[in-house]
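Asker: Take a look at my_file23.txt, compact mmCIF, C-alpha atoms:
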```
# COMPACT_ATOMS: atom_id res chain seq x y z
CA VAL N 25 62.44 -38.19 23.26
CA LYS N 26 58.96 -38.91 24.59
CA PHE N 27 55.91 -38.12 22.46
CA ASP N 28 52.98 -36.26 24.02
CA PRO N 29 49.79 -37.60 22.45
CA SER N 30 47.42 -35.00 23.91
CA LEU N 31 45.39 -32.94 21.45
CA PRO N 32 46.18 -29.27 20.96
CA GLU N 33 43.57 -26.78 22.01
CA ASP N 34 40.81 -26.63 19.47
CA GLY N 35 40.10 -23.41 17.65
CA ILE N 36 43.27 -21.50 18.43
CA ASN N 37 43.60 -20.54 14.78
CA VAL N 38 40.00 -19.54 14.38
CA SER N 39 38.29 -16.36 15.54
CA ARG N 40 35.01 -17.13 17.17
CA ALA N 41 32.54 -14.76 15.55
CA HIS N 42 29.17 -15.52 14.09
CA PRO N 43 29.40 -15.17 10.30
CA LEU N 44 26.04 -13.39 10.14
CA ARG N 45 27.20 -10.78 12.65
CA GLU N 46 30.31 -10.30 10.55
CA ALA N 47 28.20 -9.95 7.39
CA LEU N 48 25.87 -7.44 9.02
CA LEU N 49 28.75 -5.36 10.32
CA LEU N 50 30.55 -5.27 6.97
CA VAL N 51 27.46 -4.58 4.87
CA GLY N 52 26.45 -1.86 7.31
CA GLY N 53 29.91 -0.34 6.98
CA VAL N 54 29.76 -0.32 3.19
CA VAL N 55 26.31 1.23 3.19
CA ALA N 56 27.37 3.87 5.71
CA VAL N 57 30.47 4.81 3.71
CA ALA N 58 28.51 4.93 0.42
CA ALA N 59 25.81 7.06 1.99
CA ALA N 60 28.36 9.43 3.48
CA VAL N 61 30.10 9.83 0.13
CA ALA N 62 26.79 10.35 -1.68
CA VAL N 63 25.68 12.97 0.83
CA ALA N 64 29.02 14.76 0.62
CA VAL N 65 28.94 14.79 -3.19
CA ALA N 66 25.34 15.96 -3.16
CA VAL N 67 25.95 18.80 -0.72
CA VAL N 68 29.08 20.04 -2.48
CA ALA N 69 27.52 19.79 -5.94
CA ASP N 70 24.32 21.46 -4.82
CA LEU N 71 26.23 24.35 -3.35
CA ALA N 72 28.50 24.72 -6.35
CA ALA N 73 26.02 24.12 -9.18
CA PRO N 74 24.18 27.46 -9.27
CA HIS N 75 27.51 29.29 -9.47
CA ILE N 76 28.78 27.45 -12.53
CA PRO N 77 29.18 29.90 -15.45
CA ILE N 78 26.95 28.99 -18.36
CA GLU N 79 29.88 28.49 -20.76
CA LEU N 80 31.45 26.06 -18.33
CA GLU N 81 28.12 24.32 -17.84
CA ALA N 82 27.73 23.77 -21.56
CA ARG N 83 31.29 22.49 -21.85
CA LEU N 84 31.06 20.24 -18.80
CA PHE N 85 27.88 18.55 -19.78
CA SER N 86 28.11 18.61 -23.56
CA GLY N 87 28.87 14.90 -23.81
CA TRP N 88 26.34 13.77 -21.27
CA PHE N 89 23.08 13.54 -23.05
CA ASP N 90 21.62 12.70 -26.41
CA ARG N 91 21.85 15.84 -28.45
CA GLY N 92 22.67 17.38 -31.79
CA VAL N 93 19.40 16.67 -33.52
CA GLU N 94 19.58 19.78 -35.68
CA ASP N 95 22.88 18.99 -37.32
CA ASP N 96 22.28 15.26 -37.26
CA GLU N 97 21.26 14.10 -40.69
CA ALA N 98 19.97 10.86 -39.27
CA ALA N 99 17.46 12.71 -37.11
CA THR N 100 13.95 11.45 -37.57
CA PRO N 101 11.20 13.78 -38.81
CA ARG N 102 9.79 13.69 -35.29
CA GLU N 103 13.07 14.91 -33.80
CA GLN N 104 13.50 17.56 -36.46
CA SER N 105 10.01 18.91 -36.03
CA LEU N 106 10.40 18.95 -32.25
CA ALA N 107 13.73 20.77 -32.60
CA ARG N 108 12.05 23.34 -34.86
CA LEU N 109 9.30 23.91 -32.31
CA LEU N 110 11.91 24.32 -29.56
CA ASN N 111 13.82 26.82 -31.70
CA ARG N 112 10.66 28.80 -32.30
CA MET N 113 9.94 28.96 -28.57
CA ALA N 114 13.55 29.74 -27.68
CA GLY N 115 13.46 32.46 -30.34
CA HIS N 116 11.28 34.52 -27.99
CA TRP N 117 14.12 34.49 -25.48
CA PRO N 118 16.81 36.03 -27.69
CA GLU N 119 19.21 36.89 -24.88
CA SER N 120 19.47 33.21 -23.90
CA PRO N 121 23.08 32.15 -23.56
CA TYR N 122 22.26 28.51 -24.25
CA GLY N 123 22.26 26.69 -27.54
CA PHE N 124 19.21 24.57 -26.86
CA GLU N 125 18.99 21.03 -28.04
CA ILE N 126 16.26 18.48 -27.95
CA ALA N 127 16.51 14.87 -26.95
CA ILE N 128 13.77 12.28 -27.21
CA TRP N 129 13.91 9.49 -24.68
CA ASP N 130 12.18 6.30 -25.55
CA GLU N 131 10.25 5.87 -22.33
CA PRO N 132 6.55 5.23 -21.89
CA GLU N 133 6.22 7.59 -18.93
CA ALA N 134 5.29 11.09 -19.94
CA ASN N 135 7.96 13.49 -18.79
CA ALA N 136 10.14 16.40 -19.79
CA VAL N 137 13.32 17.49 -18.10
CA ALA N 138 15.73 20.40 -18.40
CA LEU N 139 19.22 18.98 -18.40
CA PRO N 140 22.48 20.81 -17.79
CA GLY N 141 24.07 22.22 -20.91
CA GLY N 142 20.82 23.36 -22.50
CA VAL N 143 19.32 20.01 -23.39
CA ILE N 144 15.60 19.51 -23.06
CA ALA N 145 14.62 15.90 -23.00
CA VAL N 146 11.07 14.79 -23.65
CA THR N 147 9.84 11.24 -23.55
CA ASN N 148 7.86 9.43 -26.18
CA GLY N 149 5.18 9.04 -23.54
CA LEU N 150 4.76 12.82 -23.37
CA LEU N 151 4.70 13.19 -27.14
CA GLU N 152 1.91 10.66 -27.32
CA SER N 153 -0.10 12.28 -24.54
CA VAL N 154 -0.34 15.86 -25.75
CA GLU N 155 -3.16 16.77 -28.07
CA SER N 156 -2.05 19.99 -29.69
CA GLU N 157 1.13 21.74 -30.65
CA ASN N 158 0.32 24.47 -28.12
CA GLU N 159 0.40 22.03 -25.23
CA LEU N 160 3.77 20.75 -26.33
CA ALA N 161 4.99 24.32 -26.80
CA PHE N 162 3.92 25.13 -23.27
CA VAL N 163 5.86 22.17 -21.87
CA LEU N 164 8.95 23.26 -23.80
CA GLY N 165 8.42 26.83 -22.64
CA HIS N 166 8.13 25.64 -19.07
CA GLU N 167 11.43 23.78 -19.34
CA LEU N 168 13.01 26.84 -20.96
CA GLY N 169 11.80 28.70 -17.88
CA HIS N 170 13.81 26.33 -15.68
CA PHE N 171 16.89 27.22 -17.73
CA HIS N 172 16.03 30.90 -17.46
CA ASN N 173 15.89 30.62 -13.66
CA ARG N 174 18.78 28.15 -13.60
CA ASP N 175 16.62 25.75 -11.62
CA HIS N 176 17.99 22.82 -13.56
CA LEU N 177 21.29 23.06 -11.66
CA ARG N 178 19.84 23.13 -8.19
CA GLY N 179 18.88 19.55 -7.72
CA LEU N 180 21.71 18.36 -9.93
CA GLY N 181 24.08 17.53 -7.10
CA ARG N 182 21.60 15.10 -5.61
CA GLY N 183 20.94 13.70 -9.05
CA ILE N 184 24.63 13.14 -9.72
CA ALA N 185 25.19 11.61 -6.30
CA PHE N 186 22.21 9.35 -6.74
CA SER N 187 23.27 8.09 -10.14
CA LEU N 188 26.86 7.63 -8.93
CA LEU N 189 25.51 5.52 -6.11
CA LEU N 190 23.50 3.46 -8.58
CA VAL N 191 26.59 2.91 -10.70
CA ALA N 192 28.52 1.91 -7.59
CA VAL N 193 26.05 -0.76 -6.57
CA GLY N 194 25.98 -2.04 -10.13
CA VAL N 195 22.59 -0.96 -11.37
CA GLY N 196 24.26 1.39 -13.82
CA GLY N 197 26.34 -1.39 -15.30
CA GLY N 198 23.56 -2.61 -17.58
CA GLY N 199 21.54 0.56 -17.87
CA SER N 200 22.53 2.96 -20.59
CA ALA N 201 24.03 6.35 -19.84
CA VAL N 202 20.81 7.86 -21.09
CA GLN N 203 18.73 6.00 -18.53
CA LEU N 204 21.11 7.10 -15.81
CA ALA N 205 21.04 10.68 -16.96
CA SER N 206 17.30 10.48 -17.16
CA LEU N 207 17.17 9.22 -13.62
CA ALA N 208 19.51 11.95 -12.42
CA GLY N 209 17.47 14.55 -14.22
CA GLN N 210 14.18 13.30 -12.85
CA PHE N 211 15.66 13.16 -9.41
CA ALA N 212 16.76 16.74 -9.75
CA GLN N 213 13.43 17.81 -11.16
CA ARG N 214 11.43 16.22 -8.37
CA ASP N 215 12.96 18.63 -5.93
CA PHE N 216 11.77 21.77 -7.62
CA SER N 217 9.71 23.84 -5.29
CA ARG N 218 6.25 25.05 -6.06
CA ASP N 219 7.60 28.56 -6.53
CA GLN N 220 10.17 27.34 -9.02
CA GLU N 221 7.45 25.57 -10.98
CA ILE N 222 5.23 28.64 -10.95
CA GLU N 223 8.10 30.83 -12.13
CA ALA N 224 8.86 28.39 -14.94
CA ASP N 225 5.15 28.31 -15.81
CA ARG N 226 5.06 32.09 -16.10
CA PHE N 227 8.06 32.04 -18.37
CA GLY N 228 6.54 29.30 -20.49
CA LEU N 229 3.29 31.23 -20.62
CA ALA N 230 5.06 34.35 -21.88
CA LEU N 231 6.75 32.37 -24.65
CA LEU N 232 3.43 30.76 -25.52
CA ALA N 233 1.71 34.13 -25.77
CA ALA N 234 4.53 35.53 -27.88
CA GLU N 235 4.38 32.56 -30.23
CA TYR N 236 0.65 32.11 -30.70
CA GLY N 237 -0.92 35.34 -29.44
CA HIS N 238 -2.91 33.44 -26.80
CA VAL N 239 -2.18 30.94 -24.04
CA SER N 240 -4.84 28.39 -24.83
CA GLY N 241 -2.54 25.37 -24.82
CA ALA N 242 -1.41 25.93 -21.26
CA GLY N 243 -4.92 25.65 -19.91
CA ALA N 244 -5.63 22.62 -22.08
CA PHE N 245 -2.51 20.99 -20.80
CA PHE N 246 -3.78 21.14 -17.25
CA GLU N 247 -7.05 19.58 -18.31
CA HIS N 248 -5.13 16.33 -18.43
CA LEU N 249 -4.66 16.51 -14.69
CA PRO N 250 -5.18 13.33 -12.73
CA GLU N 251 -8.55 13.19 -11.00
CA PRO N 252 -8.54 14.20 -7.34
CA ASP N 253 -9.60 10.71 -6.29
CA GLY N 254 -6.42 9.36 -7.80
CA ALA N 255 -7.86 7.92 -11.00
CA LEU N 256 -5.50 8.80 -13.80
CA LYS N 257 -7.17 10.70 -16.54
CA SER N 258 -4.33 10.42 -19.00
CA GLY N 259 -0.86 9.12 -19.63
CA LEU N 260 0.39 12.42 -18.32
CA ALA N 261 0.10 11.20 -14.73
CA SER N 262 3.83 10.62 -14.54
CA TYR N 263 4.51 14.11 -15.83
CA PHE N 264 2.37 15.56 -13.09
CA SER N 265 4.06 13.41 -10.49
CA THR N 266 7.35 15.15 -11.22
CA HIS N 267 5.73 18.49 -11.96
CA PRO N 268 3.19 18.65 -9.17
CA VAL N 269 0.26 20.83 -10.00
CA ASN N 270 -2.01 22.30 -7.44
CA ALA N 271 -4.66 24.93 -7.37
CA ASP N 272 -2.07 27.60 -6.58
CA ARG N 273 -0.18 26.87 -9.72
CA ILE N 274 -3.19 27.04 -12.00
CA GLN N 275 -4.39 30.13 -10.15
CA ALA N 276 -0.98 31.72 -10.69
CA LEU N 277 -1.17 30.93 -14.41
CA ARG N 278 -4.63 32.47 -14.72
CA ALA N 279 -3.52 35.51 -12.78
CA ALA N 280 -0.44 35.94 -14.92
CA ALA N 281 -2.49 35.64 -18.10
CA GLY N 282 -5.03 38.15 -16.80
CA GLU N 283 -2.33 40.55 -15.67
CA MET N 284 -0.64 40.51 -19.04
CA GLY N 285 -3.86 40.50 -21.02
CA TRP N 286 -3.19 37.16 -22.69
CA ALA N 287 -6.23 35.46 -24.10
CA LEU N 288 -7.02 32.16 -22.39
CA ARG N 289 -8.84 30.92 -25.46
CA GLY N 290 -7.62 30.72 -28.98
CA GLU N 291 -7.14 28.40 -31.87
CA ARG N 292 -4.80 25.53 -31.14
CA GLN N 293 -2.41 24.30 -33.75
CA PRO N 294 -2.63 20.65 -34.67
CA LEU N 295 0.38 18.53 -33.93
CA PRO N 296 2.80 17.98 -36.79
CA SER N 297 2.20 15.03 -39.03
CA TRP N 298 4.38 12.65 -37.00
CA GLN N 299 1.76 12.64 -34.31
CA LEU N 300 -0.76 10.13 -35.57
CA PRO N 301 -4.20 10.10 -33.97
CA ARG N 302 -4.56 7.48 -31.28
CA MET C 18 14.46 -4.73 -19.93
CA ASP C 19 11.80 -3.87 -17.41
CA PRO C 20 13.70 -2.17 -14.58
CA PHE C 21 11.99 -4.29 -11.96
CA VAL C 22 13.03 -7.52 -13.68
CA ASP C 23 16.48 -6.05 -14.25
CA LEU C 24 16.85 -5.20 -10.56
CA SER C 25 15.59 -8.51 -9.33
CA VAL C 26 17.95 -10.38 -11.63
CA ARG C 27 20.85 -8.17 -10.62
CA PHE C 28 20.27 -8.40 -6.87
CA GLY C 29 17.88 -11.31 -6.46
CA ILE C 30 20.11 -14.02 -7.86
CA PRO C 31 23.18 -13.09 -5.80
CA LEU C 32 20.99 -12.75 -2.72
CA VAL C 33 19.51 -16.20 -3.19
CA LEU C 34 23.01 -17.56 -3.77
CA LEU C 35 24.20 -15.89 -0.58
CA VAL C 36 21.41 -17.40 1.51
CA VAL C 37 21.87 -20.84 -0.02
CA ALA C 38 25.65 -20.65 0.40
CA TYR C 39 25.31 -19.56 4.00
CA PHE C 40 23.21 -22.59 4.92
CA THR C 41 25.14 -25.17 2.89
CA GLY C 42 28.47 -23.68 3.95
CA THR C 43 27.74 -23.64 7.68
CA THR C 44 26.22 -27.14 7.60
CA LEU C 45 29.20 -28.60 5.76
CA GLU C 46 31.61 -26.79 8.04
CA ARG C 47 29.90 -28.07 11.18
CA ARG C 48 29.95 -31.63 9.90
CA HIS C 49 33.55 -31.37 8.80
CA TYR C 50 34.65 -30.10 12.21
CA ALA C 51 32.80 -32.95 13.91
CA SER C 52 34.61 -35.44 11.70
CA ILE C 53 37.98 -33.72 12.24
CA ARG C 54 37.63 -33.77 16.04
CA GLU C 55 36.57 -37.38 16.08
CA ARG C 56 39.50 -38.50 13.88
CA GLU C 57 42.03 -36.34 15.68
CA LEU C 58 41.11 -38.13 18.84
CA ARG C 59 41.40 -41.49 17.11
CA TRP C 60 44.83 -40.83 15.58
CA ARG C 61 46.33 -38.74 18.35
CA SER C 62 48.73 -41.52 19.33
CA ILE C 63 50.38 -41.43 15.88
CA PRO C 64 53.13 -38.81 16.10
CA ALA C 65 53.35 -36.39 13.19
CA ILE C 66 56.25 -34.18 14.13
CA THR C 67 58.45 -31.59 12.47
CA PHE C 68 61.84 -32.99 13.51
CA ARG C 69 64.07 -32.99 10.45
CA SER C 70 65.61 -36.30 11.49
CA ILE C 71 64.44 -39.21 13.56
CA PRO C 72 64.44 -38.04 17.18
CA PRO C 73 67.15 -39.46 19.44
CA GLY C 74 66.12 -42.68 21.09
CA TRP C 75 63.69 -43.73 18.32
CA ARG C 76 64.83 -46.83 16.45
CA ALA C 77 63.51 -46.77 12.90
CA THR C 78 63.68 -49.72 10.54
CA GLU C 79 61.91 -48.45 7.42
CA CYS C 80 60.90 -45.11 5.95
CA ALA C 81 59.12 -43.57 2.93
CA LEU C 82 57.46 -40.39 1.78
CA VAL C 83 53.87 -40.06 2.93
CA THR C 84 51.47 -37.32 1.88
CA GLY C 85 47.98 -36.17 2.61
CA SER C 86 46.25 -33.44 0.71
CA VAL C 87 42.86 -31.80 0.59
CA VAL C 88 41.19 -29.43 -1.85
CA ILE C 89 38.52 -27.30 -0.30
CA SER C 90 36.25 -24.73 -1.95
CA VAL C 91 35.38 -21.21 -0.91
CA ASP C 92 31.63 -20.81 -0.75
CA TYR C 93 29.81 -17.78 -2.11
CA PHE C 94 29.03 -16.44 1.36
CA LYS C 95 32.63 -16.63 2.56
CA ARG C 96 33.80 -14.98 -0.64
CA PHE C 97 31.27 -12.20 -0.10
CA LEU C 98 32.54 -11.63 3.44
CA SER C 99 36.17 -11.63 2.36
CA GLY C 100 35.35 -9.22 -0.45
CA LEU C 101 33.94 -6.78 2.08
CA ARG C 102 36.92 -7.38 4.38
CA MET C 103 39.19 -6.30 1.54
CA ILE C 104 37.63 -2.85 1.79
CA PHE C 105 38.07 -2.33 5.50
CA GLY C 106 40.93 -4.64 6.44
CA GLY C 107 41.09 -6.80 9.54
CA ARG C 108 40.91 -10.52 10.10
CA VAL C 109 39.26 -12.48 7.33
CA LYS C 110 37.42 -14.61 9.84
CA ALA C 111 35.45 -16.42 7.17
CA TYR C 112 38.66 -17.83 5.69
CA GLU C 113 40.25 -18.70 9.04
CA THR C 114 37.94 -21.65 9.58
CA LEU C 115 38.37 -22.71 5.96
CA LEU C 116 42.16 -22.88 6.25
CA ASP C 117 42.03 -24.39 9.71
CA ARG C 118 39.84 -27.22 8.42
CA ALA C 119 42.05 -27.75 5.39
CA ARG C 120 45.27 -27.96 7.42
CA ARG C 121 43.83 -30.34 9.99
CA GLU C 122 42.21 -32.51 7.31
CA ALA C 123 45.48 -32.73 5.37
CA LEU C 124 47.36 -33.77 8.53
CA LEU C 125 44.71 -36.38 9.31
CA ARG C 126 44.96 -37.83 5.82
CA LEU C 127 48.72 -37.87 6.18
CA LYS C 128 48.38 -39.90 9.37
CA GLU C 129 45.72 -42.17 7.90
CA GLY C 130 47.91 -42.82 4.84
CA ALA C 131 50.92 -43.57 7.02
CA VAL C 132 48.96 -45.96 9.26
CA GLU C 133 47.55 -47.74 6.23
CA ARG C 134 51.11 -48.46 5.06
CA GLY C 135 52.13 -49.72 8.48
CA TYR C 136 54.13 -46.73 9.63
CA HIS C 137 54.15 -45.76 13.27
CA ALA C 138 55.05 -42.12 12.97
CA VAL C 139 55.74 -39.32 10.50
CA VAL C 140 58.73 -37.03 10.94
CA ASN C 141 59.79 -33.87 9.15
CA VAL C 142 56.16 -32.95 8.48
CA ARG C 143 55.68 -29.92 6.21
CA LEU C 144 52.56 -28.11 5.04
CA GLU C 145 52.13 -26.45 1.68
CA THR C 146 49.18 -24.31 0.63
CA CYS C 147 48.25 -23.22 -2.84
CA ARG C 148 45.18 -21.57 -4.19
CA ILE C 149 43.38 -22.89 -7.20
CA ALA C 150 42.29 -20.08 -9.49
CA ASN C 151 39.24 -20.12 -11.68
CA SER C 152 40.17 -20.40 -15.32
CA ARG C 153 37.49 -17.90 -16.33
CA ASN C 154 38.72 -15.21 -14.02
CA SER C 155 42.20 -15.64 -12.62
CA GLU C 156 41.45 -13.14 -9.86
CA SER C 157 38.80 -15.21 -8.17
CA VAL C 158 39.71 -18.24 -6.14
CA ALA C 159 37.96 -21.52 -6.86
CA GLY C 160 39.45 -23.25 -3.86
CA LEU C 161 42.65 -24.05 -2.09
CA GLU C 162 44.79 -27.10 -1.65
CA VAL C 163 46.69 -27.95 1.52
CA LEU C 164 49.33 -30.63 1.18
CA ALA C 165 50.93 -32.25 4.20
CA PHE C 166 53.96 -34.41 3.57
CA GLY C 167 56.68 -36.04 5.64
CA THR C 168 58.68 -39.16 6.17
CA GLY C 169 56.76 -42.12 7.48
CA VAL C 170 58.86 -44.39 9.70
CA LYS C 171 58.44 -47.88 11.09
CA LEU C 172 59.74 -48.05 14.63
CA LEU C 173 61.05 -50.86 16.78
CA ASN C 174 60.13 -49.07 19.96
CA ILE C 175 56.88 -47.15 20.04
CA PRO C 176 57.60 -44.00 22.02
```
Write the structure described by the file as C-alpha cells, please.

Answerer:
Amino acid sequence: VKFDPSLPEDGINVSRAHPLREALLLVGGVVAVAAAVAVAVAVVADLAAPHIPIELEARLFSGWFDRGVEDDEAATPREQSLARLLNRMAGHWPESPYGFEIAIWDEPEANAVALPGGVIAVTNGLLESVESENELAFVLGHELGHFHNRDHLRGLGRGIAFSLLLVAVGVGGGGSAVQLASLAGQFAQRDFSRDQEIEADRFGLALLAAEYGHVSGAGAFFEHLPEPDGALKSGLASYFSTHPVNADRIQALRAAAGEMGWALRGERQPLPSWQLPR
Amino acid sequence: MDPFVDLSVRFGIPLVLLVVAYFTGTTLERRHYASIRERELRWRSIPAITFRSIPPGWRATECALVTGSVVISVDYFKRFLSGLRMIFGGRVKAYETLLDRARREALLRLKEGAVERGYHAVVNVRLETCRIANSRNSESVAGLEVLAFGTGVKLLNIP
C-alpha cells in the first residue's frame, strides 16, 4: 500500500462566514422576534383590556401591586393618612365598583398612576412636592377619574408588553416587581390623550368640590407647572411630563368650575402631620 | 441602585467582554491556523492512518501507543453566537473552526509525539472528543478536549 503525503483541502470542515456578519444576523433575528411578540401582545391586550369586567380586573391584578394599606397593621402613619384621604375622595363616588387601595412608591420623581385592580400609586416625590391637602386630593381625584373612565386599562397592553420585554432582556431580573409595575403603569399613563386627561380632571374637580366646597387646590396644583422656557419650577416636573398640561386643560378646568358654580378660591387644608415643612 | 448604573453594569460589562473576546478570539484563531498549516506541511510525510492493522507490504519492527491531545477554550464571543444559534437552529459556525482546530492540533501532536519516539507512522488512529464543563454551572462549557491516539510503528521500509 502506497501512502499519499499530499495535504487534504483546507477548510472543508469549516463554513466560511465572517463572525461579525453571523452575530449581526442572529442579534437582528432575536430583536425582530422580540419586537414582533411585544407588538402582538400589546395589540391584543390593548384591544381586550377595556372589555375586561371589573370583577375580573380586580381578581387578575390583585397580586400585582403593593396594596392593602388599610388592613395592614404595619402601615405607616403616612400610608394610613393617605388611605383615609383616598377613602374620603372615593366616598363621593359611591357607585364605584372598585375597592380602592393606595400604594406609596419610594421614588424621587413626582408621579401618580392608576393601576389595574383599583390601586392608586403615588410616589414619595409627589408627596413631598404638594403643599396642601387639597392639591393631593385633586391628584387622587384625577386618578379616580381615570378609573371612572376606565382609562387605566387602555395603555395597559403596551405597558405589559414593554415590561415583559424588559424582563426578557434581563433588566427585570434585578429590578423589583414594583419597579416593573411602576414602569408599566407609567408607560400606560403616558399614552393618555389630552381628552382623557381633561375628563379625569373634571371628575377630580367634582370630587374636590364635593369634599371641600371649593376647588382651590386644583388651581394651586397647576401653579407648580414648569416654566415655559423649560426651567423646572418644582419637583412636580416629572408629574407633568406624564400628565401633560396645556392651556386647554387649565381652560377646561376653569370652564368646568364656572359651569358648575364651584368656587376657585377657598381655604386650603394643611397637609397631615406626616408632611414636614421643607 | 441608580437605573443608569444598573443598566450599564447589566449590559456594559457583557458588551465589553464580547468586544474583547472577539478581538482576542479571532487573533488567537488566526495565529493557531497559521501554525497548524505550517506544521501540517512539515509532518505531511508521516502517515497517520486509520487502518486497524499494519497495511500489507509495510514491514514493522516495533510498535507502541502514541497519543496527542489538546484542550481548547470557547471564548465569550463564540459562546454568545452559539447561544443565539440555539434559538434559531442551523450551523454553529463559530464552533466549527474551534473543533476543526482542535482535531488538527491533536493529530499534529500525535505525529510530533510519534516522531519524537522514533516512529515512522501511526496506524489505527482514533479521535475522541469530550467537553469540559464548568464546575460552577454544569450547563456551560469551559472548553473541549480532543484526543488523538493510535499505534506508532517503526518501519523497515518507508512507504

Asker: Tell me as a PDB file with C-alpha atoms, keeping the file's coordinate frame which residues belonging to chain C come within 6 Å of chain N, counting all atoms listed in the file.

Answerer:
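So the final result, stored in selection.pdb, reads:
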```pdb
ATOM      1  CA  ARG C  61      46.330 -38.740  18.350  1.00  0.00           C
ATOM      2  CA  SER C  62      48.730 -41.520  19.330  1.00  0.00           C
ATOM      3  CA  GLU C 113      40.250 -18.700   9.040  1.00  0.00           C
ATOM      4  CA  THR C 114      37.940 -21.650   9.580  1.00  0.00           C
ATOM      5  CA  PRO C 176      57.600 -44.000  22.020  1.00  0.00           C
TER       6      PRO C 176
END
```

Asker: Excluding same-chain residues fewer than 2 positions from stretch 166-175 of chain C, what lies within 9 Å of it counting only C-alpha atoms, as a PyMOL selection string?

Answerer: chain C and resi 65-67+71+74-86+123-124+127-128+131-132+134-145+164

Asker: Please provide as a list in words all residues within 10 Å of N:Leu106, with the sequence filter that same-chain residues fewer than 5 positions apart are discarded (counting all atoms listed in the file).

Answerer: Val93, Glu94, Thr100, Pro101, Asn111, Arg112, Glu125, Ile126, Ala127, Ile128, Val146, Leu151, Glu157, Leu160, Ala161, Leu164, Pro296 and Trp298 of chain N

Asker: What is the atom CA of C:Gly160 to atom CA of C:Glu129 distance in Å?

Answerer: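 That distance, rounded to one decimal, is 23.1 Å.
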
Asker: Between atom CA of N:Pro132 and atom CA of N:Asn148, what is the distance, to one decimal in Å?

Answerer: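 Going from atom CA of N:Pro132 over to atom CA of N:Asn148 covers 6.1 Å.
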
Asker: Tell me which of N:Val143, N:Val63, N:Leu80, N:Ile222 sits closest to N:Ala276, counting all atoms listed in the file.

Answerer: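 Distance minimum relative to N:Ala276 lands on N:Ile222.
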
Asker: For N:Ser120, find every residue with an atom within 10 Å (counting only C-alpha atoms), except residues of its own chain fewer than 4 positions away, and show them as a ChimeraX atom specification.

Answerer: /N:114-116,124,168,171-172

Asker: Need the shell around C:Val36: protein/DNA/RNA residues with any atom at most 12 Å away, counting all atoms listed in the file. Skip same-chain ones fewer than 5 positions apart. Format as a PyMOL selection string?

Answerer: (chain N and resi 44+47) or (chain C and resi 29-31+41-43+92-95+97)

Asker: If I take atom CA of N:Asn135 and atom CA of N:Ala62, how far is one from the other in Å, to one decimal?

Answerer: 25.6 Å

Asker: Please identify all polymer residues within 7 Å of N:Gly228, counting all atoms listed in the file, omitting same-chain residues fewer than 2 positions from it, and present them as a PyMOL selection string.

Answerer: chain N and resi 162+165-166+168-169+224-226+230-232

Asker: Which is closest to N:Asp219 among N:Arg273, N:Val67, N:Met113, N:Glu131, if we use all atoms listed in the file?

Answerer: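 Residue with the minimum atom-to-atom distance to N:Asp219: N:Arg273.
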
Asker: Counting all atoms listed in the file, which residue out of C:Ala159, C:Ile89, C:Glu55, C:Val33 sits closest to C:Asp117?

Answerer: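 Of C:Ala159, C:Ile89, C:Glu55, C:Val33, the one nearest C:Asp117, counting all atoms listed in the file, is C:Ile89.
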